[in-house]
Amino acid sequence: MVSVLRRRLPLLGFVVPAVLYLAVFMGYPLYYLVRHSLQRENFANPAEGSKFIGLGNYSTILHSGIFWQSITVTAVFAACAVTIELLLGLAVALLLQKTLAGRRLLIALFLIPSMMMPIAVGLMWRYMLDDGYGMVTYYLKLVHVLGPGGLISHPLFARPWTALAALVLADVWEWTPFMALIILAGLESLPVEPYEAAAVDGASRWQEFWQITLPLLNRAIVVALLIRIADAMRVLDIVFVMTGGGPGNSTMTAQLLSYNIGFGAFQTGLAFAQVILVLTATVVVCALIFSRLSREGAAA
Amino acid sequence: MRARRGFGRWLPTIGAFVVVGIFLVPVLWTIETSLKTRIAAWSMPPHWIFKPSLANYHAVLFDHGFLLYLKNSMIIAVGATAVSLTLGSLAAYGLERNRFRGKQALFFVFLFAYMIPEMAIALPAYLLGVRFHAIDTYWVLIAMHATFGTAFATWMLRGFFADVPKEVEECALADGCTRWGAFFRIALPLAAPGLVATAVFCLIFSWNDFPYALVLSTLRVETLPVAVGQLKTPAGTAWGEIMAVTVIAFTPTVIFAFLVQKWLVRGLSFGAVK
């Protein structure tokens, strides 16, 4: 026992600094978050003092329309963006896998969007989709998708659904390469035996894809999905610069609302309660997706 | 897998080039716009060929003070990376060599930490920072960026240390080398490529961060992402200048990504896909 301790104690010593660091700089703010979510506070007016009100803030948040609206917007955004990224990423990964020349160069270039600063991506798309000076808008007007008499006659950022679609577009552009790269790595590590067996059994390409490739890719896809869903649920940067939550509050995402309540209105207690509710929702969604997908993978 | 014959087998290659080309059009357009004059940036139809000018770069760097924001972003990114790597490499080594079980569990803890919206930490940190007079200093942003950085570095480096053979260290330990010595003289040098890759990711995370910087920096330590948003004014948006900052902001990350291309998948998937 003593010798085991002597061998292990120095090793545990290696872990202590990081644990202490995270306890102070992550743990303490989180503790503060939970404790003060139970208090009525207005940072802008400290004279009011703070008062313990139990779950009062949670109740206020759960009864507010804007909270549910922000949850809906965030969920729709996340669902649309991540689904498109997954399908597009899978398609591109399959293309890249069969690419005969210049693959390394293609991958390097394709990754540029995912490496870019999200705030820069938002500004870039805001400019390209600008009603007056946007390059993309100009060509969409030429083919009568946009503009008077077109499919969409109003400026993109003037209506809720098109503004949300613009956000999804920017997100898809930035993160499809990420999705494709992870799936490609999964594709490249697939064993060859199942394919040989399938060829012997005379399986079609289509069967091969659905019955072998997809189930074997399960792990890569689940990891990529979880990371992207977590990202999308706390999207802030591109919304901040592309729509600012507008028009009205129609693209107000969950984290932008946290910022507005906590930093704009300085109702910190309310903002804390809202953040905790959003975090809970994110964790539940991710846990559901994980348990669902990994079970299907195991069964396949 | 069965291969198509003749021209057909080149179809995926052509398709891949077309898709990547389409994805790069916005980047090309951003670079082009950054080289345009204000009038050219606002002219319709869009001009693809024009006489380039560096006026926007000159304006943002010297008139709008972006040299300062650039400096701030660099100091914070380097500081946060240094803290993350130091703490992370120690913790990763301790966990990995301690006949460590529950890797899966630790990954989920890490993933949970990743799901926490930045505001959940940034807003309390702001209130605490006000109390301790730490707002608008490099320290507060370095400390905050290093929280995610430390968790990430610990997780990533654990994988890299696992790839380093244990035998050499065990010999050294048997010869009377301390754990400390084994870590510094053997494990760390052998895991050097992993350290570099992890460092690059920490740099990119800090460099690209917007939410923490938005809440915790006001004037003196404002970083690039926060400052660039402010070029969008009601008086008219100087798109050329914004695109110039955008180019300045993404160039280093793209170069870094090229340098660590080999470990890109591992880093982006947080070590879950190799």
# chains A, B, ... in the order shown; residues from 1 in each chain; ligands from 1
call {"tool": "interface_residues", "arguments": {"of": "chain B", "to": "chain A", "cutoff": "6 Å", "atoms": "only C-alpha atoms", "output": "list in words"}}
result
Pro12, Thr13, Ala16, Val20, Trp42, Pro46, Leu87, Leu90, Ala91, Gly94, Met115, Ile116, Pro117, Ala120, Ile121, Pro124, Ala125, Asn208, Thr246, Phe250 and Val265 of chain B
call {"tool": "write_last_selection", "arguments": {"atoms": "N, CA and C atoms", "output": "PDB file, in the first residue's frame"}}
result
ATOM      1  N   PRO B  12     -15.044  12.209 -59.567  1.00  0.00           N
ATOM      2  CA  PRO B  12     -14.953  12.696 -58.186  1.00  0.00           C
ATOM      3  C   PRO B  12     -13.879  13.774 -58.005  1.00  0.00           C
ATOM      4  N   THR B  13     -12.767  13.620 -58.716  1.00  0.00           N
ATOM      5  CA  THR B  13     -11.692  14.614 -58.605  1.00  0.00           C
ATOM      6  C   THR B  13     -12.193  15.974 -59.089  1.00  0.00           C
ATOM      7  N   ALA B  16     -14.604  17.401 -56.644  1.00  0.00           N
ATOM      8  CA  ALA B  16     -13.958  17.936 -55.445  1.00  0.00           C
ATOM      9  C   ALA B  16     -13.352  19.304 -55.730  1.00  0.00           C
ATOM     10  N   VAL B  20     -14.536  22.702 -53.750  1.00  0.00           N
ATOM     11  CA  VAL B  20     -13.559  23.501 -52.999  1.00  0.00           C
ATOM     12  C   VAL B  20     -13.457  24.893 -53.612  1.00  0.00           C
ATOM     13  N   TRP B  42     -18.114  49.729 -53.165  1.00  0.00           N
ATOM     14  CA  TRP B  42     -19.554  49.968 -53.181  1.00  0.00           C
ATOM     15  C   TRP B  42     -20.144  49.951 -54.588  1.00  0.00           C
ATOM     16  N   PRO B  46     -20.413  43.960 -59.342  1.00  0.00           N
ATOM     17  CA  PRO B  46     -19.151  43.707 -58.651  1.00  0.00           C
ATOM     18  C   PRO B  46     -17.977  43.668 -59.632  1.00  0.00           C
ATOM     19  N   LEU B  87       0.272  23.793 -17.736  1.00  0.00           N
ATOM     20  CA  LEU B  87      -0.617  23.027 -16.854  1.00  0.00           C
ATOM     21  C   LEU B  87      -1.074  21.742 -17.527  1.00  0.00           C
ATOM     22  N   LEU B  90       1.618  18.848 -17.801  1.00  0.00           N
ATOM     23  CA  LEU B  90       1.805  18.193 -16.496  1.00  0.00           C
ATOM     24  C   LEU B  90       0.635  17.261 -16.193  1.00  0.00           C
ATOM     25  N   ALA B  91      -0.572  17.802 -16.315  1.00  0.00           N
ATOM     26  CA  ALA B  91      -1.757  17.013 -15.969  1.00  0.00           C
ATOM     27  C   ALA B  91      -1.898  15.806 -16.880  1.00  0.00           C
ATOM     28  N   GLY B  94       0.597  13.169 -15.843  1.00  0.00           N
ATOM     29  CA  GLY B  94       0.185  12.550 -14.589  1.00  0.00           C
ATOM     30  C   GLY B  94      -0.949  11.560 -14.793  1.00  0.00           C
ATOM     31  N   MET B 115     -19.573  22.307 -23.817  1.00  0.00           N
ATOM     32  CA  MET B 115     -20.949  22.736 -24.089  1.00  0.00           C
ATOM     33  C   MET B 115     -21.341  23.987 -23.320  1.00  0.00           C
ATOM     34  N   ILE B 116     -20.583  24.305 -22.268  1.00  0.00           N
ATOM     35  CA  ILE B 116     -20.924  25.471 -21.456  1.00  0.00           C
ATOM     36  C   ILE B 116     -20.841  26.728 -22.324  1.00  0.00           C
ATOM     37  N   PRO B 117     -21.946  27.476 -22.436  1.00  0.00           N
ATOM     38  CA  PRO B 117     -21.877  28.703 -23.224  1.00  0.00           C
ATOM     39  C   PRO B 117     -20.861  29.653 -22.579  1.00  0.00           C
ATOM     40  N   ALA B 120     -21.736  31.816 -19.604  1.00  0.00           N
ATOM     41  CA  ALA B 120     -21.893  31.222 -18.273  1.00  0.00           C
ATOM     42  C   ALA B 120     -20.655  31.466 -17.424  1.00  0.00           C
ATOM     43  N   ILE B 121     -19.523  31.658 -18.061  1.00  0.00           N
ATOM     44  CA  ILE B 121     -18.301  31.935 -17.307  1.00  0.00           C
ATOM     45  C   ILE B 121     -17.915  33.409 -17.426  1.00  0.00           C
ATOM     46  N   PRO B 124     -20.162  35.896 -14.913  1.00  0.00           N
ATOM     47  CA  PRO B 124     -19.674  35.884 -13.522  1.00  0.00           C
ATOM     48  C   PRO B 124     -18.238  36.399 -13.429  1.00  0.00           C
ATOM     49  N   ALA B 125     -17.406  36.046 -14.408  1.00  0.00           N
ATOM     50  CA  ALA B 125     -16.013  36.506 -14.377  1.00  0.00           C
ATOM     51  C   ALA B 125     -15.956  38.021 -14.444  1.00  0.00           C
ATOM     52  N   ASN B 208      -9.203  33.535 -32.072  1.00  0.00           N
ATOM     53  CA  ASN B 208     -10.535  33.649 -32.674  1.00  0.00           C
ATOM     54  C   ASN B 208     -11.630  33.987 -31.670  1.00  0.00           C
ATOM     55  N   THR B 246     -10.206  41.513 -41.676  1.00  0.00           N
ATOM     56  CA  THR B 246     -10.539  40.096 -41.787  1.00  0.00           C
ATOM     57  C   THR B 246      -9.357  39.311 -42.352  1.00  0.00           C
ATOM     58  N   PHE B 250      -7.337  36.334 -40.444  1.00  0.00           N
ATOM     59  CA  PHE B 250      -7.349  34.898 -40.747  1.00  0.00           C
ATOM     60  C   PHE B 250      -6.024  34.386 -41.306  1.00  0.00           C
ATOM     61  N   VAL B 265      -6.977  16.839 -37.950  1.00  0.00           N
ATOM     62  CA  VAL B 265      -8.171  16.072 -37.622  1.00  0.00           C
ATOM     63  C   VAL B 265      -8.187  15.738 -36.134  1.00  0.00           C
TER      64      VAL B 265
END
call {"tool": "closest_residue", "arguments": {"among": "B:Leu214, B:Leu106, B:Val19, B:Ile242", "to": "B:Met119", "atoms": "only C-alpha atoms"}}
result
B:Leu214
call {"tool": "residues_around", "arguments": {"residues": "stretch 166-176 of chain B", "least_positions_apart": "3", "cutoff": "10 Å", "atoms": "only C-alpha atoms", "output": "ChimeraX atom specification"}}
result
/B:97,161-163,179-183,185-187
call {"tool": "write_last_selection", "arguments": {"atoms": "all heavy atoms", "output": "short mmCIF file (atom, residue, chain, number, x, y, z; two decimals), in the first residue's frame"}}
result
data_model
loop_
_atom_site.label_atom_id
_atom_site.label_comp_id
_atom_site.auth_asym_id
_atom_site.auth_seq_id
_atom_site.Cartn_x
_atom_site.Cartn_y
_atom_site.Cartn_z
N ARG B 97 0.27 8.35 -17.10
CA ARG B 97 1.21 7.38 -16.53
C ARG B 97 0.68 6.76 -15.23
O ARG B 97 1.32 5.92 -14.64
CB ARG B 97 2.55 8.06 -16.26
CG ARG B 97 3.33 8.40 -17.50
CD ARG B 97 3.78 7.17 -18.26
NE ARG B 97 4.59 7.51 -19.43
CZ ARG B 97 4.09 7.65 -20.65
NH1 ARG B 97 2.82 7.47 -20.89
NH2 ARG B 97 4.89 7.97 -21.66
N PHE B 161 1.00 11.58 -25.13
CA PHE B 161 1.87 10.86 -24.19
C PHE B 161 1.63 9.36 -24.27
O PHE B 161 2.55 8.57 -24.10
CB PHE B 161 1.66 11.35 -22.75
CG PHE B 161 2.34 12.65 -22.45
CD1 PHE B 161 1.65 13.71 -21.89
CD2 PHE B 161 3.69 12.82 -22.73
CE1 PHE B 161 2.27 14.92 -21.63
CE2 PHE B 161 4.33 14.02 -22.47
CZ PHE B 161 3.61 15.08 -21.92
N ALA B 162 0.37 8.98 -24.54
CA ALA B 162 0.08 7.55 -24.66
C ALA B 162 0.83 6.95 -25.85
O ALA B 162 1.16 5.76 -25.84
CB ALA B 162 -1.43 7.35 -24.82
N ASP B 163 1.10 7.80 -26.88
CA ASP B 163 1.81 7.30 -28.05
C ASP B 163 3.31 7.17 -27.80
O ASP B 163 4.02 6.55 -28.59
CB ASP B 163 1.60 8.24 -29.25
CG ASP B 163 0.14 8.25 -29.69
OD1 ASP B 163 -0.60 7.35 -29.25
OD2 ASP B 163 -0.25 9.14 -30.46
N ARG B 179 10.59 11.10 -11.22
CA ARG B 179 9.47 11.28 -12.13
C ARG B 179 9.61 12.57 -12.91
O ARG B 179 9.37 12.67 -14.09
CB ARG B 179 8.16 11.33 -11.33
CG ARG B 179 7.42 10.03 -11.30
CD ARG B 179 6.90 9.67 -12.68
NE ARG B 179 6.46 8.29 -12.66
CZ ARG B 179 6.27 7.56 -13.76
NH1 ARG B 179 6.50 8.07 -14.93
NH2 ARG B 179 5.85 6.33 -13.65
N TRP B 180 9.97 13.58 -12.18
CA TRP B 180 10.18 14.92 -12.70
C TRP B 180 11.19 14.88 -13.84
O TRP B 180 10.97 15.42 -14.91
CB TRP B 180 10.72 15.72 -11.53
CG TRP B 180 10.40 17.17 -11.45
CD1 TRP B 180 11.26 18.13 -10.99
CD2 TRP B 180 9.20 17.83 -11.76
NE1 TRP B 180 10.64 19.34 -11.02
CE2 TRP B 180 9.38 19.19 -11.49
CE3 TRP B 180 7.95 17.41 -12.29
CZ2 TRP B 180 8.40 20.15 -11.70
CZ3 TRP B 180 6.96 18.37 -12.49
CH2 TRP B 180 7.19 19.70 -12.19
N GLY B 181 12.33 14.18 -13.56
CA GLY B 181 13.38 14.05 -14.57
C GLY B 181 12.89 13.28 -15.78
O GLY B 181 13.14 13.65 -16.92
N ALA B 182 12.16 12.19 -15.52
CA ALA B 182 11.63 11.38 -16.62
C ALA B 182 10.70 12.21 -17.49
O ALA B 182 10.71 12.11 -18.72
CB ALA B 182 10.90 10.16 -16.06
N PHE B 183 9.90 13.05 -16.85
CA PHE B 183 8.96 13.90 -17.58
C PHE B 183 9.71 14.89 -18.46
O PHE B 183 9.48 14.99 -19.67
CB PHE B 183 8.06 14.63 -16.59
CG PHE B 183 7.19 15.68 -17.21
CD1 PHE B 183 6.15 15.33 -18.05
CD2 PHE B 183 7.43 17.02 -16.96
CE1 PHE B 183 5.35 16.30 -18.62
CE2 PHE B 183 6.63 18.00 -17.53
CZ PHE B 183 5.59 17.64 -18.36
N ARG B 185 13.08 15.10 -19.24
CA ARG B 185 14.15 14.68 -20.14
C ARG B 185 13.69 13.67 -21.18
O ARG B 185 14.30 13.56 -22.22
CB ARG B 185 15.29 14.07 -19.33
CG ARG B 185 15.95 15.14 -18.49
CD ARG B 185 17.32 14.76 -18.05
NE ARG B 185 17.68 15.59 -16.91
CZ ARG B 185 17.97 15.11 -15.72
NH1 ARG B 185 17.98 13.81 -15.53
NH2 ARG B 185 18.24 15.92 -14.74
N ILE B 186 12.62 12.93 -20.88
CA ILE B 186 12.25 11.87 -21.82
C ILE B 186 10.89 12.10 -22.45
O ILE B 186 10.77 12.26 -23.66
CB ILE B 186 12.30 10.50 -21.13
CG1 ILE B 186 13.71 10.25 -20.61
CG2 ILE B 186 11.92 9.39 -22.11
CD1 ILE B 186 13.81 9.14 -19.62
N ALA B 187 9.85 12.16 -21.61
CA ALA B 187 8.50 12.21 -22.16
C ALA B 187 8.25 13.49 -22.96
O ALA B 187 7.75 13.45 -24.09
CB ALA B 187 7.48 12.08 -21.03
#
call {"tool": "atom_distance", "arguments": {"atom1": "atom CA of B:Met156", "atom2": "atom CA of B:Trp263"}}
result
10.6 Å
call {"tool": "atom_distance", "arguments": {"atom1": "atom CA of B:Leu224", "atom2": "atom CA of B:Thr33"}}
result
18.9 Å
call {"tool": "select_by_dssp", "arguments": {"residues": "stretch 38-255 of chain A", "states": "strand (DSSP E or B)", "output": "list in words"}}
result
Gln39, Arg40, Lys51, Phe52, Leu146 and Ile152 of chain A
call {"tool": "atom_distance", "arguments": {"atom1": "atom CA of B:Leu268", "atom2": "atom CA of A:Leu86"}}
result
15.4 Å
call {"tool": "decode", "arguments": {"residues": "stretch 152-188 of chain A", "atoms": "N, CA, C and O atoms", "output": "mmCIF file, in the first residue's frame"}}
result
data_model
loop_
_atom_site.group_PDB
_atom_site.id
_atom_site.type_symbol
_atom_site.label_atom_id
_atom_site.label_comp_id
_atom_site.auth_asym_id
_atom_site.auth_seq_id
_atom_site.Cartn_x
_atom_site.Cartn_y
_atom_site.Cartn_z
ATOM 1 N N ILE A 152 -37.780 36.172 -53.720
ATOM 2 C CA ILE A 152 -37.798 36.867 -52.433
ATOM 3 C C ILE A 152 -37.684 38.349 -52.753
ATOM 4 O O ILE A 152 -36.668 38.795 -53.292
ATOM 5 N N SER A 153 -38.729 39.108 -52.440
ATOM 6 C CA SER A 153 -38.735 40.485 -52.931
ATOM 7 C C SER A 153 -38.197 41.483 -51.915
ATOM 8 O O SER A 153 -38.018 42.650 -52.219
ATOM 9 N N HIS A 154 -37.931 41.033 -50.701
ATOM 10 C CA HIS A 154 -37.463 41.978 -49.676
ATOM 11 C C HIS A 154 -35.978 41.759 -49.413
ATOM 12 O O HIS A 154 -35.439 40.699 -49.734
ATOM 13 N N PRO A 155 -35.288 42.760 -48.825
ATOM 14 C CA PRO A 155 -33.889 42.545 -48.468
ATOM 15 C C PRO A 155 -33.762 41.369 -47.501
ATOM 16 O O PRO A 155 -34.616 41.179 -46.625
ATOM 17 N N LEU A 156 -32.684 40.579 -47.664
ATOM 18 C CA LEU A 156 -32.536 39.346 -46.882
ATOM 19 C C LEU A 156 -32.613 39.571 -45.372
ATOM 20 O O LEU A 156 -33.213 38.774 -44.649
ATOM 21 N N PHE A 157 -32.002 40.657 -44.907
ATOM 22 C CA PHE A 157 -31.932 40.851 -43.466
ATOM 23 C C PHE A 157 -33.145 41.580 -42.904
ATOM 24 O O PHE A 157 -33.176 41.932 -41.739
ATOM 25 N N ALA A 158 -34.162 41.779 -43.757
ATOM 26 C CA ALA A 158 -35.332 42.528 -43.302
ATOM 27 C C ALA A 158 -36.442 41.621 -42.794
ATOM 28 O O ALA A 158 -37.393 42.085 -42.178
ATOM 29 N N ARG A 159 -36.374 40.321 -43.055
ATOM 30 C CA ARG A 159 -37.430 39.413 -42.618
ATOM 31 C C ARG A 159 -36.832 38.274 -41.807
ATOM 32 O O ARG A 159 -35.718 37.835 -42.089
ATOM 33 N N PRO A 160 -37.582 37.783 -40.829
ATOM 34 C CA PRO A 160 -37.050 36.748 -39.924
ATOM 35 C C PRO A 160 -36.473 35.530 -40.628
ATOM 36 O O PRO A 160 -35.330 35.159 -40.364
ATOM 37 N N TRP A 161 -37.230 34.909 -41.542
ATOM 38 C CA TRP A 161 -36.782 33.613 -42.045
ATOM 39 C C TRP A 161 -35.571 33.728 -42.939
ATOM 40 O O TRP A 161 -34.666 32.891 -42.887
ATOM 41 N N THR A 162 -35.550 34.805 -43.760
ATOM 42 C CA THR A 162 -34.387 34.935 -44.633
ATOM 43 C C THR A 162 -33.157 35.349 -43.825
ATOM 44 O O THR A 162 -32.042 34.949 -44.142
ATOM 45 N N ALA A 163 -33.366 36.135 -42.759
ATOM 46 C CA ALA A 163 -32.223 36.508 -41.908
ATOM 47 C C ALA A 163 -31.645 35.263 -41.243
ATOM 48 O O ALA A 163 -30.425 35.070 -41.194
ATOM 49 N N LEU A 164 -32.530 34.386 -40.762
ATOM 50 C CA LEU A 164 -32.071 33.149 -40.130
ATOM 51 C C LEU A 164 -31.357 32.264 -41.162
ATOM 52 O O LEU A 164 -30.327 31.655 -40.872
ATOM 53 N N ALA A 165 -31.923 32.237 -42.372
ATOM 54 C CA ALA A 165 -31.297 31.433 -43.428
ATOM 55 C C ALA A 165 -29.901 31.947 -43.740
ATOM 56 O O ALA A 165 -28.976 31.164 -43.989
ATOM 57 N N ALA A 166 -29.723 33.270 -43.695
ATOM 58 C CA ALA A 166 -28.394 33.844 -43.941
ATOM 59 C C ALA A 166 -27.415 33.383 -42.866
ATOM 60 O O ALA A 166 -26.267 33.048 -43.166
ATOM 61 N N LEU A 167 -27.888 33.331 -41.614
ATOM 62 C CA LEU A 167 -27.024 32.849 -40.529
ATOM 63 C C LEU A 167 -26.643 31.395 -40.761
ATOM 64 O O LEU A 167 -25.480 31.001 -40.584
ATOM 65 N N VAL A 168 -27.641 30.598 -41.158
ATOM 66 C CA VAL A 168 -27.368 29.176 -41.420
ATOM 67 C C VAL A 168 -26.345 29.048 -42.549
ATOM 68 O O VAL A 168 -25.395 28.270 -42.459
ATOM 69 N N LEU A 169 -26.512 29.865 -43.586
ATOM 70 C CA LEU A 169 -25.587 29.813 -44.721
ATOM 71 C C LEU A 169 -24.148 30.077 -44.257
ATOM 72 O O LEU A 169 -23.222 29.344 -44.611
ATOM 73 N N ALA A 170 -23.970 31.131 -43.444
ATOM 74 C CA ALA A 170 -22.616 31.467 -42.974
ATOM 75 C C ALA A 170 -22.040 30.323 -42.147
ATOM 76 O O ALA A 170 -20.869 29.950 -42.300
ATOM 77 N N ASP A 171 -22.865 29.746 -41.283
ATOM 78 C CA ASP A 171 -22.402 28.653 -40.433
ATOM 79 C C ASP A 171 -22.035 27.424 -41.273
ATOM 80 O O ASP A 171 -21.015 26.787 -41.046
ATOM 81 N N VAL A 172 -22.907 27.116 -42.241
ATOM 82 C CA VAL A 172 -22.656 25.965 -43.109
ATOM 83 C C VAL A 172 -21.357 26.171 -43.886
ATOM 84 O O VAL A 172 -20.541 25.261 -44.017
ATOM 85 N N TRP A 173 -21.169 27.378 -44.386
ATOM 86 C CA TRP A 173 -19.937 27.649 -45.130
ATOM 87 C C TRP A 173 -18.713 27.445 -44.244
ATOM 88 O O TRP A 173 -17.731 26.855 -44.649
ATOM 89 N N GLU A 174 -18.797 27.916 -43.012
ATOM 90 C CA GLU A 174 -17.619 27.820 -42.161
ATOM 91 C C GLU A 174 -17.342 26.385 -41.703
ATOM 92 O O GLU A 174 -16.195 25.972 -41.616
ATOM 93 N N TRP A 175 -18.405 25.616 -41.390
ATOM 94 C CA TRP A 175 -18.162 24.354 -40.692
ATOM 95 C C TRP A 175 -18.348 23.088 -41.507
ATOM 96 O O TRP A 175 -18.039 22.007 -41.033
ATOM 97 N N THR A 176 -18.850 23.195 -42.747
ATOM 98 C CA THR A 176 -18.921 21.993 -43.578
ATOM 99 C C THR A 176 -17.527 21.374 -43.782
ATOM 100 O O THR A 176 -17.369 20.154 -43.682
ATOM 101 N N PRO A 177 -16.499 22.200 -44.041
ATOM 102 C CA PRO A 177 -15.163 21.607 -44.190
ATOM 103 C C PRO A 177 -14.724 20.819 -42.956
ATOM 104 O O PRO A 177 -14.132 19.746 -43.078
ATOM 105 N N PHE A 178 -15.035 21.336 -41.774
ATOM 106 C CA PHE A 178 -14.710 20.633 -40.527
ATOM 107 C C PHE A 178 -15.355 19.253 -40.516
ATOM 108 O O PHE A 178 -14.715 18.230 -40.256
ATOM 109 N N MET A 179 -16.651 19.237 -40.820
ATOM 110 C CA MET A 179 -17.399 17.988 -40.850
ATOM 111 C C MET A 179 -16.784 17.028 -41.872
ATOM 112 O O MET A 179 -16.556 15.851 -41.582
ATOM 113 N N ALA A 180 -16.497 17.561 -43.064
ATOM 114 C CA ALA A 180 -15.964 16.725 -44.144
ATOM 115 C C ALA A 180 -14.621 16.131 -43.739
ATOM 116 O O ALA A 180 -14.361 14.949 -43.980
ATOM 117 N N LEU A 181 -13.794 16.918 -43.106
ATOM 118 C CA LEU A 181 -12.451 16.453 -42.761
ATOM 119 C C LEU A 181 -12.502 15.321 -41.745
ATOM 120 O O LEU A 181 -11.790 14.324 -41.868
ATOM 121 N N ILE A 182 -13.379 15.463 -40.742
ATOM 122 C CA ILE A 182 -13.459 14.415 -39.725
ATOM 123 C C ILE A 182 -14.038 13.139 -40.325
ATOM 124 O O ILE A 182 -13.567 12.037 -40.057
ATOM 125 N N ILE A 183 -15.055 13.292 -41.183
ATOM 126 C CA ILE A 183 -15.636 12.109 -41.812
ATOM 127 C C ILE A 183 -14.615 11.465 -42.750
ATOM 128 O O ILE A 183 -14.500 10.240 -42.815
ATOM 129 N N LEU A 184 -13.840 12.292 -43.453
ATOM 130 C CA LEU A 184 -12.807 11.753 -44.348
ATOM 131 C C LEU A 184 -11.790 10.927 -43.563
ATOM 132 O O LEU A 184 -11.405 9.836 -43.996
ATOM 133 N N ALA A 185 -11.396 11.442 -42.390
ATOM 134 C CA ALA A 185 -10.450 10.692 -41.558
ATOM 135 C C ALA A 185 -11.062 9.349 -41.158
ATOM 136 O O ALA A 185 -10.385 8.319 -41.146
ATOM 137 N N GLY A 186 -12.364 9.365 -40.862
ATOM 138 C CA GLY A 186 -13.056 8.121 -40.534
ATOM 139 C C GLY A 186 -13.052 7.176 -41.722
ATOM 140 O O GLY A 186 -12.786 5.980 -41.591
ATOM 141 N N LEU A 187 -13.335 7.718 -42.918
ATOM 142 C CA LEU A 187 -13.383 6.901 -44.134
ATOM 143 C C LEU A 187 -12.038 6.236 -44.399
ATOM 144 O O LEU A 187 -11.969 5.079 -44.804
ATOM 145 N N GLU A 188 -10.971 6.997 -44.138
ATOM 146 C CA GLU A 188 -9.648 6.465 -44.471
ATOM 147 C C GLU A 188 -9.192 5.385 -43.506
ATOM 148 O O GLU A 188 -8.288 4.626 -43.811
#
